[in-house]
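> Input: one structure, supplied below.
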Amino acid sequence: MSRRGDAGDHDGGQGHDHGDGGGHAHGPRIGSAGAEHQKSLAIAFGLTATYALVEVVGGIVSGSLALISDAAHMGTDVLGLGLALAAIQLAKRPAAGGRTYGTYRLEVLAAVINGLLLFGVAFYVLYEAVQRFREPPEVLGVPMLVVASVGLIVNIISFRLLMAGSKESLNLKGAYLEVLSDMLGSIGVIVGAIVITVTGFRSIDAIVAVVIGLFILPRTWQLMRQALRILMEVAPPGVDVAAATRELAAVPGVKEVHDLHIWTLTSGMEAATVHVVVDDVDVDWHGILDQTRDILMTRYGVTHPTIQLEPDEHVEEPVGF
């Protein structure tokens, strides 16, 4: 005999009686993290795409590696911002076929791709800078200064547009970090252009390029680490699964809690599944369901809890892998 209650994502916390004695309570409807910032992301995409082309031309004309590296980085920004926009748009589509969670994970995949691109750009810049230290080429300081200054303005605008969304979405956080590193890179290029114009010290161009590359790497690793945690379905940072198990087991009427899993679907969407064994078939099943659901949602930030209630005498067949 088995009676069960599930907490899902359809009706804003309303309970239902299915006639078999089980309770079905639902959490809030899942939305697309970052969708409300789509307009800001689109504007940042347009500005970055336009100016990436300008920087490529400016880097070639001036002969500046720092400017070319910044242009290459802006090029990855264009692809990254495009992926972020595509992920948000696709995440709006309803779940279909076998995609029972829709396309929310595209946001995380976009963050991983952004990270890989940033790693590639950083290592290219470092390699090219070493070559230039050996034989510094001629660099035109004034064109380099003009292009980098306009690029800084573009980066500041994009940075402000993405700042709010970066706190809510891993996808937008990746785009935000790219623009932040671009903005600081533009400042470095401006400093290098001034040094070249005033002193003629051409190696400063390669030094600035190295600084940009070294700045990108640790921040990219943090982004990749966060995205990979989600893909591996590791418990969200700060969530103690053992403590959650003990807290659920302490609910009156609960005898045992097992198979508790808590993971992240995408930014701001935490899911959980758990089996709760009750003491007696005559206890308040709906009350236990509501209490366990509220613990997961309010104390552990779970937006999509699925809770199975089982009577004490229910024995499940072991599952092999």
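In the structure tokens, chains take letters A, B, ... by order of appearance, with residues numbered from 1 within each chain and ligands from 1 in the order shown.
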What's the 12 Å shell around Glu233 of chain A, counting only C-alpha atoms, without same-chain residues fewer than 6 positions away, as a JSON list (two decimals) with N, CA and C atoms, in the first residue's frame?

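Resulting contents of out17.json:
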```json
[["chain", "number", "residue", "atom", "x", "y", "z"],
["A", 105, "ARG", "N", 17.86, 24.78, -18.87],
["A", 105, "ARG", "CA", 19.28, 24.48, -18.75],
["A", 105, "ARG", "C", 20.12, 25.14, -19.85],
["A", 108, "VAL", "N", 22.49, 27.67, -18.50],
["A", 108, "VAL", "CA", 23.72, 27.15, -17.91],
["A", 108, "VAL", "C", 24.72, 26.76, -19.00],
["A", 226, "GLN", "N", 30.68, 27.59, -11.13],
["A", 226, "GLN", "CA", 29.28, 27.70, -10.74],
["A", 226, "GLN", "C", 28.38, 26.97, -11.74],
["A", 227, "ALA", "N", 28.67, 27.13, -13.03],
["A", 227, "ALA", "CA", 27.86, 26.46, -14.05],
["A", 227, "ALA", "C", 28.02, 24.94, -13.99],
["A", 261, "HIS", "N", 17.04, 14.87, -2.33],
["A", 261, "HIS", "CA", 17.95, 15.44, -3.33],
["A", 261, "HIS", "C", 17.55, 16.90, -3.56],
["A", 262, "ILE", "N", 18.52, 17.78, -3.51],
["A", 262, "ILE", "CA", 18.29, 19.20, -3.77],
["A", 262, "ILE", "C", 19.30, 19.65, -4.82],
["A", 263, "TRP", "N", 18.83, 20.26, -5.89],
["A", 263, "TRP", "CA", 19.72, 20.69, -6.95],
["A", 263, "TRP", "C", 19.16, 21.94, -7.63],
["A", 264, "THR", "N", 19.95, 22.52, -8.51],
["A", 264, "THR", "CA", 19.56, 23.74, -9.21],
["A", 264, "THR", "C", 19.21, 23.42, -10.66],
["A", 265, "LEU", "N", 18.03, 23.88, -11.09],
["A", 265, "LEU", "CA", 17.64, 23.73, -12.50],
["A", 265, "LEU", "C", 18.33, 24.79, -13.35],
["A", 266, "THR", "N", 18.24, 26.03, -12.91],
["A", 266, "THR", "CA", 18.91, 27.16, -13.53],
["A", 266, "THR", "C", 18.90, 28.27, -12.51],
["A", 270, "GLU", "N", 15.56, 26.24, -7.70],
["A", 270, "GLU", "CA", 16.06, 25.08, -6.97],
["A", 270, "GLU", "C", 14.96, 24.02, -6.91],
["A", 271, "ALA", "N", 15.33, 22.78, -7.15],
["A", 271, "ALA", "CA", 14.38, 21.67, -7.11],
["A", 271, "ALA", "C", 14.78, 20.68, -6.02],
["A", 272, "ALA", "N", 13.79, 19.91, -5.55],
["A", 272, "ALA", "CA", 14.06, 18.90, -4.53],
["A", 272, "ALA", "C", 13.08, 17.76, -4.67]]
```
> Find the residues around Leu217 of chain A up to 12 Å (only C-alpha atoms counted), leave out those fewer than 6 positions away in its own chain, and share them as a list in words.
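My list of contacting residues is Gly115, Leu116, Leu117, Leu118, Phe119, Gly120, Val121, Ala122, Phe123, Tyr124, Val125, Leu126, Leu177, Glu178, Ser181, Val210, Val211, Leu223 and Met224 of chain A.
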> Would you mind exporting the chosen residues as a short mmCIF file (atom, residue, chain, number, x, y, z; two decimals), in the first residue's frame, restricted to all heavy atoms?

```
data_model
loop_
_atom_site.label_atom_id
_atom_site.label_comp_id
_atom_site.auth_asym_id
_atom_site.auth_seq_id
_atom_site.Cartn_x
_atom_site.Cartn_y
_atom_site.Cartn_z
N GLY A 115 32.40 30.73 -20.86
CA GLY A 115 33.62 30.49 -20.11
C GLY A 115 34.73 29.91 -20.96
O GLY A 115 35.88 30.32 -20.88
N LEU A 116 34.37 28.94 -21.79
CA LEU A 116 35.37 28.32 -22.67
C LEU A 116 35.94 29.35 -23.66
O LEU A 116 37.15 29.37 -23.93
CB LEU A 116 34.74 27.15 -23.43
CG LEU A 116 34.36 25.93 -22.58
CD1 LEU A 116 33.61 24.91 -23.42
CD2 LEU A 116 35.61 25.30 -21.96
N LEU A 117 35.07 30.21 -24.18
CA LEU A 117 35.53 31.25 -25.11
C LEU A 117 36.48 32.21 -24.41
O LEU A 117 37.51 32.60 -24.96
CB LEU A 117 34.33 32.00 -25.68
CG LEU A 117 33.44 31.23 -26.67
CD1 LEU A 117 32.18 32.02 -26.99
CD2 LEU A 117 34.21 30.94 -27.96
N LEU A 118 36.14 32.59 -23.20
CA LEU A 118 36.98 33.52 -22.46
C LEU A 118 38.35 32.91 -22.15
O LEU A 118 39.38 33.59 -22.21
CB LEU A 118 36.28 33.94 -21.16
CG LEU A 118 35.13 34.93 -21.33
CD1 LEU A 118 34.35 35.05 -20.03
CD2 LEU A 118 35.65 36.29 -21.75
N PHE A 119 38.37 31.62 -21.80
CA PHE A 119 39.64 30.94 -21.57
C PHE A 119 40.49 30.98 -22.83
O PHE A 119 41.70 31.24 -22.79
CB PHE A 119 39.40 29.48 -21.16
CG PHE A 119 39.23 29.28 -19.68
CD1 PHE A 119 38.14 28.59 -19.19
CD2 PHE A 119 40.16 29.77 -18.79
CE1 PHE A 119 37.98 28.40 -17.84
CE2 PHE A 119 40.02 29.59 -17.42
CZ PHE A 119 38.91 28.90 -16.94
N GLY A 120 39.86 30.70 -23.97
CA GLY A 120 40.59 30.71 -25.24
C GLY A 120 41.19 32.06 -25.56
O GLY A 120 42.37 32.16 -25.95
N VAL A 121 40.42 33.13 -25.37
CA VAL A 121 40.91 34.48 -25.63
C VAL A 121 42.06 34.83 -24.69
O VAL A 121 43.08 35.38 -25.12
CB VAL A 121 39.76 35.51 -25.48
CG1 VAL A 121 40.32 36.93 -25.49
CG2 VAL A 121 38.75 35.34 -26.59
N ALA A 122 41.92 34.50 -23.42
CA ALA A 122 42.95 34.83 -22.45
C ALA A 122 44.29 34.17 -22.79
O ALA A 122 45.34 34.81 -22.77
CB ALA A 122 42.49 34.42 -21.05
N PHE A 123 44.25 32.90 -23.14
CA PHE A 123 45.49 32.19 -23.46
C PHE A 123 46.10 32.69 -24.77
O PHE A 123 47.32 32.77 -24.90
CB PHE A 123 45.23 30.68 -23.52
CG PHE A 123 45.10 30.04 -22.17
CD1 PHE A 123 43.93 29.39 -21.81
CD2 PHE A 123 46.13 30.09 -21.25
CE1 PHE A 123 43.79 28.81 -20.57
CE2 PHE A 123 46.01 29.50 -19.99
CZ PHE A 123 44.83 28.86 -19.65
N TYR A 124 45.24 33.07 -25.73
CA TYR A 124 45.77 33.62 -26.98
C TYR A 124 46.50 34.94 -26.71
O TYR A 124 47.60 35.18 -27.23
CB TYR A 124 44.64 33.86 -27.98
CG TYR A 124 45.06 34.75 -29.13
CD1 TYR A 124 45.86 34.25 -30.16
CD2 TYR A 124 44.70 36.09 -29.16
CE1 TYR A 124 46.28 35.08 -31.20
CE2 TYR A 124 45.11 36.91 -30.19
CZ TYR A 124 45.90 36.40 -31.21
OH TYR A 124 46.32 37.21 -32.22
N VAL A 125 45.89 35.79 -25.92
CA VAL A 125 46.50 37.09 -25.61
C VAL A 125 47.84 36.91 -24.90
O VAL A 125 48.83 37.57 -25.22
CB VAL A 125 45.54 37.94 -24.75
CG1 VAL A 125 46.26 39.16 -24.20
CG2 VAL A 125 44.34 38.37 -25.58
N LEU A 126 47.88 35.98 -23.94
CA LEU A 126 49.13 35.75 -23.21
C LEU A 126 50.23 35.24 -24.14
O LEU A 126 51.40 35.66 -24.06
CB LEU A 126 48.90 34.76 -22.07
CG LEU A 126 48.00 35.26 -20.93
CD1 LEU A 126 47.73 34.13 -19.95
CD2 LEU A 126 48.64 36.44 -20.23
N LEU A 177 30.16 39.69 -16.52
CA LEU A 177 31.59 39.55 -16.25
C LEU A 177 32.42 39.83 -17.50
O LEU A 177 33.51 40.40 -17.43
CB LEU A 177 31.89 38.15 -15.72
CG LEU A 177 31.45 37.86 -14.28
CD1 LEU A 177 31.70 36.40 -13.94
CD2 LEU A 177 32.19 38.76 -13.31
N GLU A 178 31.90 39.42 -18.65
CA GLU A 178 32.61 39.69 -19.90
C GLU A 178 32.70 41.19 -20.15
O GLU A 178 33.76 41.72 -20.51
CB GLU A 178 31.88 39.00 -21.06
CG GLU A 178 32.03 37.49 -21.05
CD GLU A 178 31.28 36.84 -22.18
OE1 GLU A 178 30.32 37.44 -22.68
OE2 GLU A 178 31.65 35.72 -22.57
N SER A 181 35.16 42.84 -17.64
CA SER A 181 36.57 42.66 -18.00
C SER A 181 36.92 43.47 -19.23
O SER A 181 38.04 43.99 -19.35
CB SER A 181 36.87 41.17 -18.22
OG SER A 181 36.04 40.62 -19.21
N VAL A 210 48.82 41.42 -21.34
CA VAL A 210 49.00 40.37 -20.34
C VAL A 210 48.09 40.61 -19.14
O VAL A 210 47.45 39.68 -18.62
CB VAL A 210 50.47 40.30 -19.88
CG1 VAL A 210 50.61 39.42 -18.65
CG2 VAL A 210 51.34 39.76 -21.00
N VAL A 211 48.01 41.85 -18.70
CA VAL A 211 47.15 42.19 -17.55
C VAL A 211 45.69 41.84 -17.86
O VAL A 211 44.98 41.28 -17.02
CB VAL A 211 47.28 43.68 -17.19
CG1 VAL A 211 46.24 44.08 -16.15
CG2 VAL A 211 48.68 43.97 -16.66
N LEU A 223 32.97 31.55 -12.86
CA LEU A 223 31.75 31.35 -13.65
C LEU A 223 31.61 29.89 -14.07
O LEU A 223 30.53 29.28 -13.92
CB LEU A 223 31.78 32.25 -14.88
CG LEU A 223 30.65 32.05 -15.90
CD1 LEU A 223 29.31 32.45 -15.29
CD2 LEU A 223 30.92 32.84 -17.17
N MET A 224 32.69 29.30 -14.59
CA MET A 224 32.66 27.92 -15.03
C MET A 224 32.36 26.97 -13.87
O MET A 224 31.59 26.02 -14.00
CB MET A 224 34.00 27.55 -15.67
CG MET A 224 34.24 28.19 -17.01
SD MET A 224 33.29 27.38 -18.31
CE MET A 224 34.20 25.85 -18.47
#
```
> List as a JSON list (two decimals) with C-alpha atoms, in the first residue's frame the protein and nucleic acid residues near Ile194 of chain A, meaning an atom at most 8 Å away when only C-alpha atoms are counted, but skip any in the same chain fewer than 5 places from it.

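Done, and the output landed in selection_26.json:
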```json
[["chain", "number", "residue", "atom", "x", "y", "z"],
["A", 141, "GLY", "CA", 49.40, 55.71, -29.79],
["A", 142, "VAL", "CA", 46.84, 58.34, -30.86],
["A", 145, "LEU", "CA", 43.78, 56.07, -27.58]]
```
> Restricting the calculation to only C-alpha atoms: of A:Ala250, A:Val241, A:Leu47, A:Met297, which residue gets closest to Val276 of chain A?
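Among the listed residues, the smallest separation from Val276 of chain A belongs to A:Ala250.
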> Do you know which residues are at most 8 Å from Thr76 of chain A counting only C-alpha atoms, after dropping those on the same chain fewer than 2 positions away, and could you put them as a list in words?
Ala72, His73, Met74, Val78, Leu79, Gly80, Asn114, Leu117 and Leu118 of chain A
> Export, as a PDB file, in the first residue's frame, the selected residues with N, CA, C and O atoms.

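New file again.pdb:
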```
ATOM      1  N   ALA A  72      39.070  41.125 -29.731  1.00  0.00           N
ATOM      2  CA  ALA A  72      38.764  39.694 -29.717  1.00  0.00           C
ATOM      3  C   ALA A  72      37.873  39.350 -28.531  1.00  0.00           C
ATOM      4  O   ALA A  72      36.928  38.557 -28.638  1.00  0.00           O
ATOM      5  N   HIS A  73      38.190  39.976 -27.398  1.00  0.00           N
ATOM      6  CA  HIS A  73      37.362  39.749 -26.208  1.00  0.00           C
ATOM      7  C   HIS A  73      35.949  40.263 -26.435  1.00  0.00           C
ATOM      8  O   HIS A  73      34.962  39.626 -26.056  1.00  0.00           O
ATOM      9  N   MET A  74      35.821  41.423 -27.062  1.00  0.00           N
ATOM     10  CA  MET A  74      34.489  41.945 -27.375  1.00  0.00           C
ATOM     11  C   MET A  74      33.760  41.036 -28.355  1.00  0.00           C
ATOM     12  O   MET A  74      32.534  40.912 -28.318  1.00  0.00           O
ATOM     13  N   VAL A  78      30.130  39.376 -27.932  1.00  0.00           N
ATOM     14  CA  VAL A  78      29.018  39.367 -28.891  1.00  0.00           C
ATOM     15  C   VAL A  78      28.390  37.978 -28.951  1.00  0.00           C
ATOM     16  O   VAL A  78      27.159  37.827 -28.893  1.00  0.00           O
ATOM     17  N   LEU A  79      29.239  36.954 -29.057  1.00  0.00           N
ATOM     18  CA  LEU A  79      28.719  35.589 -29.101  1.00  0.00           C
ATOM     19  C   LEU A  79      28.067  35.218 -27.775  1.00  0.00           C
ATOM     20  O   LEU A  79      26.989  34.613 -27.737  1.00  0.00           O
ATOM     21  N   GLY A  80      28.716  35.609 -26.678  1.00  0.00           N
ATOM     22  CA  GLY A  80      28.172  35.305 -25.361  1.00  0.00           C
ATOM     23  C   GLY A  80      26.832  35.975 -25.117  1.00  0.00           C
ATOM     24  O   GLY A  80      25.882  35.360 -24.619  1.00  0.00           O
ATOM     25  N   ASN A 114      30.407  30.464 -22.811  1.00  0.00           N
ATOM     26  CA  ASN A 114      31.052  31.759 -22.588  1.00  0.00           C
ATOM     27  C   ASN A 114      32.390  31.580 -21.882  1.00  0.00           C
ATOM     28  O   ASN A 114      33.398  32.199 -22.235  1.00  0.00           O
ATOM     29  N   LEU A 117      35.073  30.208 -24.184  1.00  0.00           N
ATOM     30  CA  LEU A 117      35.530  31.246 -25.109  1.00  0.00           C
ATOM     31  C   LEU A 117      36.475  32.215 -24.412  1.00  0.00           C
ATOM     32  O   LEU A 117      37.508  32.604 -24.965  1.00  0.00           O
ATOM     33  N   LEU A 118      36.139  32.594 -23.197  1.00  0.00           N
ATOM     34  CA  LEU A 118      36.984  33.523 -22.457  1.00  0.00           C
ATOM     35  C   LEU A 118      38.348  32.913 -22.148  1.00  0.00           C
ATOM     36  O   LEU A 118      39.379  33.590 -22.213  1.00  0.00           O
TER      37      LEU A 118
END
```
